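**Q** For reference, the file data29.cif (mmCIF, N, CA and C atoms) is included below:
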data_data
#
loop_
_atom_site.label_atom_id
_atom_site.label_comp_id
_atom_site.auth_asym_id
_atom_site.auth_seq_id
_atom_site.Cartn_x
_atom_site.Cartn_y
_atom_site.Cartn_z
N MET E 1 -31.62 114.91 -68.61
CA MET E 1 -33.04 115.13 -68.46
C MET E 1 -33.41 116.60 -68.66
N LYS E 2 -32.50 117.51 -68.26
CA LYS E 2 -32.79 118.94 -68.42
C LYS E 2 -33.02 119.30 -69.88
N GLY E 3 -32.19 118.75 -70.76
CA GLY E 3 -32.33 119.04 -72.19
C GLY E 3 -33.66 118.61 -72.74
N LYS E 4 -34.12 117.42 -72.33
CA LYS E 4 -35.41 116.92 -72.80
C LYS E 4 -36.55 117.79 -72.28
N ALA E 5 -36.45 118.21 -71.03
CA ALA E 5 -37.49 119.06 -70.46
C ALA E 5 -37.52 120.41 -71.17
N LEU E 6 -36.35 120.99 -71.42
CA LEU E 6 -36.29 122.28 -72.11
C LEU E 6 -36.83 122.14 -73.52
N SER E 7 -36.47 121.04 -74.20
CA SER E 7 -36.97 120.79 -75.54
C SER E 7 -38.50 120.70 -75.55
N PHE E 8 -39.06 120.03 -74.55
CA PHE E 8 -40.51 119.92 -74.45
C PHE E 8 -41.15 121.29 -74.29
N PHE E 9 -40.58 122.13 -73.42
CA PHE E 9 -41.16 123.45 -73.19
C PHE E 9 -41.02 124.35 -74.42
N ILE E 10 -39.94 124.21 -75.15
CA ILE E 10 -39.79 124.98 -76.39
C ILE E 10 -40.85 124.54 -77.39
N LEU E 11 -41.00 123.23 -77.56
CA LEU E 11 -42.01 122.72 -78.48
C LEU E 11 -43.40 123.14 -78.04
N ARG E 12 -43.67 123.04 -76.75
CA ARG E 12 -44.98 123.44 -76.23
C ARG E 12 -45.23 124.93 -76.47
N GLY E 13 -44.22 125.75 -76.23
CA GLY E 13 -44.35 127.19 -76.47
C GLY E 13 -44.61 127.51 -77.93
N LEU E 14 -43.90 126.82 -78.82
CA LEU E 14 -44.12 127.03 -80.25
C LEU E 14 -45.52 126.60 -80.67
N LEU E 15 -45.97 125.47 -80.14
CA LEU E 15 -47.32 125.01 -80.46
C LEU E 15 -48.37 126.00 -79.96
N ASP E 16 -48.20 126.47 -78.73
CA ASP E 16 -49.14 127.46 -78.19
C ASP E 16 -49.16 128.72 -79.04
N LEU E 17 -47.97 129.19 -79.42
CA LEU E 17 -47.86 130.38 -80.26
C LEU E 17 -48.57 130.17 -81.58
N CYS E 18 -48.31 129.05 -82.22
CA CYS E 18 -48.89 128.78 -83.53
C CYS E 18 -50.40 128.60 -83.46
N LEU E 19 -50.87 127.90 -82.44
CA LEU E 19 -52.31 127.70 -82.30
C LEU E 19 -53.02 129.02 -82.04
N SER E 20 -52.45 129.85 -81.17
CA SER E 20 -53.11 131.13 -80.90
C SER E 20 -53.05 132.03 -82.13
N TRP E 21 -51.96 131.99 -82.87
CA TRP E 21 -51.82 132.79 -84.08
C TRP E 21 -52.80 132.32 -85.15
N ALA E 22 -52.95 131.01 -85.29
CA ALA E 22 -53.82 130.46 -86.32
C ALA E 22 -55.29 130.71 -86.02
N HIS E 23 -55.64 130.91 -84.76
CA HIS E 23 -57.04 131.12 -84.40
C HIS E 23 -57.42 132.60 -84.30
N THR E 24 -56.61 133.47 -84.80
CA THR E 24 -56.96 134.89 -84.84
C THR E 24 -57.30 135.27 -86.27
N ASP E 25 -57.85 136.44 -86.44
CA ASP E 25 -58.11 136.93 -87.79
C ASP E 25 -56.81 137.06 -88.57
N HIS E 26 -55.73 137.38 -87.84
CA HIS E 26 -54.44 137.54 -88.51
C HIS E 26 -53.96 136.22 -89.10
N GLY E 27 -54.25 135.12 -88.41
CA GLY E 27 -53.80 133.82 -88.88
C GLY E 27 -54.34 133.48 -90.25
N SER E 28 -55.57 133.89 -90.56
CA SER E 28 -56.14 133.58 -91.86
C SER E 28 -55.50 134.42 -92.97
N LEU E 29 -54.95 135.56 -92.60
CA LEU E 29 -54.30 136.42 -93.58
C LEU E 29 -52.83 136.06 -93.78
N THR E 30 -52.30 135.21 -92.92
CA THR E 30 -50.90 134.80 -92.90
C THR E 30 -49.92 135.96 -93.11
N PRO E 31 -49.96 136.97 -92.23
CA PRO E 31 -49.00 138.06 -92.35
C PRO E 31 -47.61 137.59 -91.91
N GLN E 32 -46.67 138.44 -92.10
CA GLN E 32 -45.30 138.14 -91.69
C GLN E 32 -45.22 138.03 -90.17
N MET E 33 -44.62 136.97 -89.67
CA MET E 33 -44.32 136.85 -88.25
C MET E 33 -42.81 136.67 -88.13
N ASN E 34 -42.22 137.37 -87.18
CA ASN E 34 -40.77 137.33 -86.98
C ASN E 34 -40.46 136.66 -85.66
N ILE E 35 -39.57 135.70 -85.70
CA ILE E 35 -39.15 135.00 -84.48
C ILE E 35 -37.66 135.25 -84.30
N ILE E 36 -37.31 135.78 -83.14
CA ILE E 36 -35.91 136.03 -82.81
C ILE E 36 -35.56 135.18 -81.61
N ILE E 37 -34.51 134.38 -81.76
CA ILE E 37 -34.02 133.52 -80.68
C ILE E 37 -32.72 134.13 -80.18
N LEU E 38 -32.69 134.46 -78.90
CA LEU E 38 -31.52 135.09 -78.28
C LEU E 38 -30.78 134.07 -77.43
N ILE E 39 -29.52 133.82 -77.77
CA ILE E 39 -28.74 132.84 -77.02
C ILE E 39 -27.41 133.47 -76.66
N LEU E 40 -27.11 133.48 -75.36
CA LEU E 40 -25.87 134.07 -74.89
C LEU E 40 -24.97 132.99 -74.29
N GLY E 41 -23.79 132.84 -74.86
CA GLY E 41 -22.79 131.95 -74.30
C GLY E 41 -22.97 130.50 -74.67
N GLU E 42 -22.16 129.68 -73.99
CA GLU E 42 -22.11 128.26 -74.26
C GLU E 42 -22.43 127.43 -73.02
N ASP E 43 -23.20 127.98 -72.10
CA ASP E 43 -23.57 127.24 -70.89
C ASP E 43 -24.15 125.88 -71.29
N PRO E 44 -23.76 124.81 -70.57
CA PRO E 44 -24.24 123.48 -70.95
C PRO E 44 -25.76 123.31 -70.86
N ASN E 45 -26.42 124.12 -70.06
CA ASN E 45 -27.88 124.01 -69.93
C ASN E 45 -28.63 124.97 -70.83
N TYR E 46 -28.13 126.21 -70.98
CA TYR E 46 -28.87 127.25 -71.69
C TYR E 46 -28.10 127.87 -72.84
N GLY E 47 -26.91 127.39 -73.12
CA GLY E 47 -26.08 128.00 -74.14
C GLY E 47 -26.43 127.55 -75.55
N TYR E 48 -25.66 128.08 -76.48
CA TYR E 48 -25.93 127.87 -77.90
C TYR E 48 -25.93 126.39 -78.30
N TYR E 49 -24.89 125.67 -77.89
CA TYR E 49 -24.74 124.30 -78.37
C TYR E 49 -25.78 123.35 -77.80
N SER E 50 -26.36 123.69 -76.66
CA SER E 50 -27.39 122.82 -76.09
C SER E 50 -28.80 123.24 -76.49
N THR E 51 -29.03 124.51 -76.79
CA THR E 51 -30.41 124.94 -77.08
C THR E 51 -30.71 125.16 -78.56
N ALA E 52 -29.74 125.60 -79.34
CA ALA E 52 -30.02 125.87 -80.76
C ALA E 52 -30.58 124.64 -81.48
N PRO E 53 -30.01 123.44 -81.27
CA PRO E 53 -30.60 122.27 -81.93
C PRO E 53 -32.03 121.98 -81.48
N MET E 54 -32.36 122.30 -80.22
CA MET E 54 -33.72 122.07 -79.75
C MET E 54 -34.71 122.96 -80.47
N TYR E 55 -34.32 124.20 -80.74
CA TYR E 55 -35.21 125.07 -81.50
C TYR E 55 -35.42 124.53 -82.91
N ASP E 56 -34.34 124.05 -83.54
CA ASP E 56 -34.47 123.48 -84.88
C ASP E 56 -35.46 122.32 -84.89
N VAL E 57 -35.32 121.42 -83.91
CA VAL E 57 -36.22 120.27 -83.81
C VAL E 57 -37.65 120.72 -83.54
N ALA E 58 -37.81 121.67 -82.64
CA ALA E 58 -39.16 122.15 -82.31
C ALA E 58 -39.84 122.77 -83.53
N PHE E 59 -39.12 123.60 -84.27
CA PHE E 59 -39.70 124.19 -85.48
C PHE E 59 -40.03 123.12 -86.51
N GLN E 60 -39.17 122.13 -86.63
CA GLN E 60 -39.42 121.04 -87.57
C GLN E 60 -40.70 120.28 -87.18
N HIS E 61 -40.84 119.95 -85.91
CA HIS E 61 -42.03 119.22 -85.45
C HIS E 61 -43.30 120.05 -85.65
N VAL E 62 -43.26 121.30 -85.28
CA VAL E 62 -44.44 122.16 -85.45
C VAL E 62 -44.77 122.30 -86.94
N GLY E 63 -43.75 122.42 -87.78
CA GLY E 63 -43.97 122.50 -89.22
C GLY E 63 -44.61 121.26 -89.79
N GLN E 64 -44.31 120.09 -89.20
CA GLN E 64 -44.95 118.85 -89.65
C GLN E 64 -46.40 118.78 -89.20
N ILE E 65 -46.67 119.29 -88.01
CA ILE E 65 -48.04 119.27 -87.48
C ILE E 65 -48.92 120.28 -88.23
N PHE E 66 -48.35 121.45 -88.53
CA PHE E 66 -49.07 122.52 -89.22
C PHE E 66 -48.31 122.90 -90.49
N PRO E 67 -48.45 122.12 -91.55
CA PRO E 67 -47.70 122.42 -92.78
C PRO E 67 -48.04 123.82 -93.31
N GLY E 68 -47.02 124.51 -93.73
CA GLY E 68 -47.20 125.85 -94.29
C GLY E 68 -47.34 126.96 -93.27
N LEU E 69 -47.37 126.61 -91.99
CA LEU E 69 -47.58 127.63 -90.97
C LEU E 69 -46.45 128.65 -90.94
N PHE E 70 -45.24 128.21 -91.22
CA PHE E 70 -44.09 129.11 -91.17
C PHE E 70 -43.73 129.70 -92.53
N ALA E 71 -44.66 129.62 -93.48
CA ALA E 71 -44.37 130.12 -94.83
C ALA E 71 -44.02 131.61 -94.82
N ASN E 72 -44.69 132.38 -93.99
CA ASN E 72 -44.44 133.82 -93.91
C ASN E 72 -43.76 134.19 -92.60
N THR E 73 -42.85 133.35 -92.19
CA THR E 73 -42.15 133.56 -90.93
C THR E 73 -40.66 133.70 -91.18
N THR E 74 -40.06 134.69 -90.54
CA THR E 74 -38.61 134.78 -90.55
C THR E 74 -38.12 134.34 -89.18
N ARG E 75 -36.98 133.68 -89.17
CA ARG E 75 -36.40 133.23 -87.91
C ARG E 75 -34.94 133.65 -87.89
N HIS E 76 -34.56 134.34 -86.82
CA HIS E 76 -33.19 134.80 -86.65
C HIS E 76 -32.67 134.31 -85.31
N VAL E 77 -31.44 133.87 -85.30
CA VAL E 77 -30.77 133.52 -84.04
C VAL E 77 -29.71 134.58 -83.80
N LEU E 78 -29.82 135.27 -82.68
CA LEU E 78 -28.79 136.23 -82.27
C LEU E 78 -27.99 135.57 -81.16
N TYR E 79 -26.72 135.36 -81.43
CA TYR E 79 -25.86 134.59 -80.54
C TYR E 79 -24.66 135.42 -80.14
N LYS E 80 -24.38 135.46 -78.86
CA LYS E 80 -23.22 136.18 -78.32
C LYS E 80 -22.29 135.15 -77.69
N LYS E 81 -21.07 135.07 -78.21
CA LYS E 81 -20.09 134.09 -77.72
C LYS E 81 -19.44 134.55 -76.41
N ASN E 82 -18.87 133.57 -75.72
CA ASN E 82 -18.01 133.79 -74.55
C ASN E 82 -18.71 134.50 -73.40
N VAL E 83 -19.96 134.24 -73.18
CA VAL E 83 -20.67 134.75 -72.01
C VAL E 83 -20.56 133.67 -70.95
N LEU E 84 -19.93 134.01 -69.82
CA LEU E 84 -19.53 132.98 -68.87
C LEU E 84 -20.54 132.66 -67.78
N ASP E 85 -21.30 133.66 -67.32
CA ASP E 85 -22.21 133.40 -66.20
C ASP E 85 -23.46 134.26 -66.36
N CYS E 86 -24.37 134.10 -65.41
CA CYS E 86 -25.66 134.78 -65.50
C CYS E 86 -25.52 136.31 -65.43
N SER E 87 -24.63 136.79 -64.58
CA SER E 87 -24.44 138.24 -64.46
C SER E 87 -23.94 138.85 -65.76
N SER E 88 -22.95 138.20 -66.37
CA SER E 88 -22.45 138.73 -67.63
C SER E 88 -23.47 138.54 -68.76
N ALA E 89 -24.32 137.52 -68.64
CA ALA E 89 -25.38 137.34 -69.64
C ALA E 89 -26.35 138.51 -69.60
N ALA E 90 -26.68 138.97 -68.40
CA ALA E 90 -27.59 140.11 -68.28
C ALA E 90 -26.98 141.36 -68.92
N ALA E 91 -25.70 141.60 -68.66
CA ALA E 91 -25.02 142.75 -69.25
C ALA E 91 -24.94 142.63 -70.77
N ASN E 92 -24.66 141.43 -71.25
CA ASN E 92 -24.57 141.22 -72.69
C ASN E 92 -25.93 141.29 -73.36
N MET E 93 -26.98 140.96 -72.64
CA MET E 93 -28.33 141.06 -73.20
C MET E 93 -28.65 142.52 -73.52
N VAL E 94 -28.19 143.43 -72.67
CA VAL E 94 -28.39 144.85 -72.94
C VAL E 94 -27.74 145.23 -74.27
N GLU E 95 -26.52 144.73 -74.50
CA GLU E 95 -25.84 145.00 -75.77
C GLU E 95 -26.58 144.38 -76.95
N LEU E 96 -27.09 143.18 -76.75
CA LEU E 96 -27.78 142.47 -77.82
C LEU E 96 -29.11 143.13 -78.19
N MET E 97 -29.66 143.91 -77.27
CA MET E 97 -30.94 144.58 -77.53
C MET E 97 -30.86 145.52 -78.73
N GLY E 98 -29.69 146.09 -78.98
CA GLY E 98 -29.53 146.95 -80.16
C GLY E 98 -29.81 146.18 -81.44
N GLN E 99 -29.32 144.95 -81.52
CA GLN E 99 -29.58 144.11 -82.69
C GLN E 99 -31.05 143.72 -82.77
N VAL E 100 -31.65 143.46 -81.61
CA VAL E 100 -33.07 143.10 -81.58
C VAL E 100 -33.91 144.27 -82.09
N VAL E 101 -33.65 145.46 -81.56
CA VAL E 101 -34.41 146.65 -81.97
C VAL E 101 -34.25 146.89 -83.47
N ALA E 102 -33.04 146.74 -83.99
CA ALA E 102 -32.82 146.94 -85.42
C ALA E 102 -33.66 145.96 -86.24
N ARG E 103 -33.71 144.71 -85.82
CA ARG E 103 -34.52 143.71 -86.55
C ARG E 103 -36.01 144.02 -86.45
N VAL E 104 -36.46 144.38 -85.25
CA VAL E 104 -37.88 144.67 -85.04
C VAL E 104 -38.30 145.90 -85.85
N ASP E 105 -37.46 146.93 -85.85
CA ASP E 105 -37.80 148.16 -86.56
C ASP E 105 -37.87 147.97 -88.07
N HIS E 106 -37.15 146.99 -88.60
CA HIS E 106 -37.14 146.77 -90.04
C HIS E 106 -37.98 145.56 -90.45
N SER E 107 -38.90 145.17 -89.59
CA SER E 107 -39.76 144.02 -89.87
C SER E 107 -41.22 144.45 -89.90
N SER E 108 -41.99 143.70 -90.64
CA SER E 108 -43.43 143.90 -90.59
C SER E 108 -44.04 142.74 -89.82
N GLY E 109 -45.18 142.95 -89.24
CA GLY E 109 -45.82 141.91 -88.46
C GLY E 109 -45.26 141.82 -87.06
N PRO E 110 -45.87 140.96 -86.26
CA PRO E 110 -45.42 140.82 -84.86
C PRO E 110 -44.09 140.10 -84.76
N THR E 111 -43.38 140.35 -83.67
CA THR E 111 -42.12 139.69 -83.39
C THR E 111 -42.23 138.94 -82.08
N VAL E 112 -41.74 137.71 -82.08
CA VAL E 112 -41.72 136.87 -80.89
C VAL E 112 -40.27 136.65 -80.51
N LEU E 113 -39.95 136.86 -79.23
CA LEU E 113 -38.60 136.63 -78.73
C LEU E 113 -38.56 135.37 -77.89
N PHE E 114 -37.60 134.49 -78.17
CA PHE E 114 -37.33 133.33 -77.34
C PHE E 114 -35.95 133.50 -76.75
N SER E 115 -35.81 133.28 -75.46
CA SER E 115 -34.51 133.34 -74.81
C SER E 115 -34.44 132.26 -73.75
N PRO E 116 -33.61 131.25 -73.97
CA PRO E 116 -33.54 130.14 -73.02
C PRO E 116 -32.63 130.40 -71.83
N GLY E 117 -32.11 131.59 -71.69
CA GLY E 117 -31.08 131.88 -70.71
C GLY E 117 -31.53 131.98 -69.27
N CYS E 118 -30.65 132.51 -68.46
CA CYS E 118 -30.88 132.62 -67.02
C CYS E 118 -31.86 133.75 -66.70
N SER E 119 -32.28 133.79 -65.47
CA SER E 119 -33.33 134.73 -65.07
C SER E 119 -32.90 136.19 -65.14
N LEU E 120 -31.62 136.49 -65.00
CA LEU E 120 -31.18 137.88 -65.05
C LEU E 120 -31.32 138.49 -66.45
N GLU E 121 -31.44 137.65 -67.46
CA GLU E 121 -31.61 138.15 -68.82
C GLU E 121 -33.01 138.71 -69.05
N VAL E 122 -33.94 138.37 -68.19
CA VAL E 122 -35.33 138.77 -68.37
C VAL E 122 -35.51 140.28 -68.23
N GLY E 123 -34.75 140.92 -67.34
CA GLY E 123 -34.89 142.36 -67.11
C GLY E 123 -34.75 143.18 -68.38
N PRO E 124 -33.65 143.03 -69.12
CA PRO E 124 -33.53 143.80 -70.37
C PRO E 124 -34.63 143.48 -71.38
N LEU E 125 -35.05 142.22 -71.44
CA LEU E 125 -36.14 141.86 -72.36
C LEU E 125 -37.44 142.53 -71.95
N ALA E 126 -37.70 142.56 -70.64
CA ALA E 126 -38.92 143.21 -70.14
C ALA E 126 -38.87 144.71 -70.42
N ASP E 127 -37.70 145.32 -70.24
CA ASP E 127 -37.56 146.75 -70.54
C ASP E 127 -37.86 147.02 -72.02
N LEU E 128 -37.36 146.15 -72.88
CA LEU E 128 -37.62 146.32 -74.32
C LEU E 128 -39.12 146.21 -74.59
N ALA E 129 -39.76 145.19 -74.06
CA ALA E 129 -41.19 145.00 -74.30
C ALA E 129 -42.01 146.16 -73.73
N ARG E 130 -41.65 146.59 -72.55
CA ARG E 130 -42.39 147.70 -71.93
C ARG E 130 -42.27 148.96 -72.78
N GLY E 131 -41.09 149.24 -73.27
CA GLY E 131 -40.87 150.42 -74.08
C GLY E 131 -41.53 150.34 -75.44
N ARG E 132 -41.63 149.15 -76.02
CA ARG E 132 -42.22 148.97 -77.34
C ARG E 132 -43.74 148.94 -77.29
N CYS E 133 -44.29 148.54 -76.15
CA CYS E 133 -45.75 148.37 -76.06
C CYS E 133 -46.44 149.58 -75.48
N ASP E 134 -45.72 150.56 -74.97
CA ASP E 134 -46.35 151.76 -74.39
C ASP E 134 -46.98 152.62 -75.45
#
Could you write out this file's structure as structure tokens?

**A**
Amino acid sequence: MKGKALSFFILRGLLDLCLSWAHTDHGSLTPQMNIIILILGEDPNYGYYSTAPMYDVAFQHVGQIFPGLFANTTRHVLYKKNVLDCSSAAANMVELMGQVVARVDHSSGPTVLFSPGCSLEVGPLADLARGRCD
């Protein structure tokens, strides 16, 4: 049941993102939008093998509902293997931020980060957002 619930929330988040993007002035210009999915480890609930397919399905469904919406979208999955628990996921997220910053710095348009991981991973993501938005 957890997988279905997570899949629903991913799909819902993508729909909300797309609807809000499509209803702005930017949506009519269809600029580049970058989506980065951060997945650490192989946890059965939040790891690569359980969540990566859900993102694929969610993007496919949203693409069917809004054809052409992802025409100017890049999607990257940044995956770190062998992350065993939430504490090590937080530490590894700090390392992964270098790859995120490199992608963001070399991209045009807004970037959206998705991370299905544990709550300790949020700190480094918040630090990145705070530093980029100041």

**Q** Might you pull out every residue within 6 Å of range 94-96 of chain E, with all atoms listed in the file counted and same-chain residues fewer than 4 positions away left off, and present them as an MDAnalysis selection string?

**A** chainID E and resid 90 100 124

**Q** How about saving the chosen residues, N, CA and C atoms kept, as a compact mmCIF listing (two decimals), keeping the file's coordinate frame?

**A**
# COMPACT_ATOMS: atom_id res chain seq x y z
N ALA E 90 -26.68 138.97 -68.40
CA ALA E 90 -27.59 140.11 -68.28
C ALA E 90 -26.98 141.36 -68.92
N VAL E 100 -31.65 143.46 -81.61
CA VAL E 100 -33.07 143.10 -81.58
C VAL E 100 -33.91 144.27 -82.09
N PRO E 124 -33.65 143.03 -69.12
CA PRO E 124 -33.53 143.80 -70.37
C PRO E 124 -34.63 143.48 -71.38

**Q** For CA of Asn92 in chain E and CA of Ile39 in chain E, determine how far apart the two atoms are, in Å to one decimal place.

**A** 10.3 Å

**Q** Using CA of Leu84 in chain E and CA of Pro53 in chain E as the two end points, give the distance in Å to one decimal.

**A**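 CA of Leu84 in chain E sits 20.2 Å away from CA of Pro53 in chain E.
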
**Q** Neighbouring residues of Pro116 in chain E were defined as those with any atom within 9 Å, considering only C-alpha atoms; residues of the same chain fewer than 3 positions away were excluded. Please report them as an MDAnalysis selection string.

**A** chainID E and resid 6 10 37:40 45:47 51

**Q** Report the distance between CA of Asn34 in chain E and CA of Gly109 in chain E in Å, rounded to one decimal place.

**A**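 So the answer is 7.0 Å.
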
**Q** Between E:Thr111, E:Ser87, E:Gln99, E:Asn72, which has the minimum distance to Ile35 in chain E (counting only C-alpha atoms)?

**A**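 Going through E:Thr111, E:Ser87, E:Gln99, E:Asn72 one by one, the smallest distance to Ile35 in chain E is for E:Thr111.
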
**Q** Expanded to explicit residues, what is the PyMOL selection byres ((chain E and resi 108) around 7) for this file, as a PyMOL selection string?

**A** chain E and resi 31-34+104-107+109-111

**Q** Emit the selected residues as a JSON list (two decimals), in the coordinates of the input, including N, CA and C atoms.

**A**
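In the end it all went to out-v6.json:
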[["chain", "number", "residue", "atom", "x", "y", "z"],
["E", 31, "PRO", "N", -49.96, 136.97, -92.23],
["E", 31, "PRO", "CA", -49.00, 138.06, -92.35],
["E", 31, "PRO", "C", -47.61, 137.59, -91.91],
["E", 32, "GLN", "N", -46.67, 138.44, -92.10],
["E", 32, "GLN", "CA", -45.30, 138.14, -91.69],
["E", 32, "GLN", "C", -45.22, 138.03, -90.17],
["E", 33, "MET", "N", -44.62, 136.97, -89.67],
["E", 33, "MET", "CA", -44.32, 136.85, -88.25],
["E", 33, "MET", "C", -42.81, 136.67, -88.13],
["E", 34, "ASN", "N", -42.22, 137.37, -87.18],
["E", 34, "ASN", "CA", -40.77, 137.33, -86.98],
["E", 34, "ASN", "C", -40.46, 136.66, -85.66],
["E", 104, "VAL", "N", -36.46, 144.38, -85.25],
["E", 104, "VAL", "CA", -37.88, 144.67, -85.04],
["E", 104, "VAL", "C", -38.30, 145.90, -85.85],
["E", 105, "ASP", "N", -37.46, 146.93, -85.85],
["E", 105, "ASP", "CA", -37.80, 148.16, -86.56],
["E", 105, "ASP", "C", -37.87, 147.97, -88.07],
["E", 106, "HIS", "N", -37.15, 146.99, -88.60],
["E", 106, "HIS", "CA", -37.14, 146.77, -90.04],
["E", 106, "HIS", "C", -37.98, 145.56, -90.45],
["E", 107, "SER", "N", -38.90, 145.17, -89.59],
["E", 107, "SER", "CA", -39.76, 144.02, -89.87],
["E", 107, "SER", "C", -41.22, 144.45, -89.90],
["E", 109, "GLY", "N", -45.18, 142.95, -89.24],
["E", 109, "GLY", "CA", -45.82, 141.91, -88.46],
["E", 109, "GLY", "C", -45.26, 141.82, -87.06],
["E", 110, "PRO", "N", -45.87, 140.96, -86.26],
["E", 110, "PRO", "CA", -45.42, 140.82, -84.86],
["E", 110, "PRO", "C", -44.09, 140.10, -84.76],
["E", 111, "THR", "N", -43.38, 140.35, -83.67],
["E", 111, "THR", "CA", -42.12, 139.69, -83.39],
["E", 111, "THR", "C", -42.23, 138.94, -82.08]]

**Q** Would you translate the PyMOL selection byres ((chain E and resi 75) around 6) into the concrete set of residues it matches in this file, as an MDAnalysis selection string?

**A** chainID E and resid 34:36 73:74 76:77
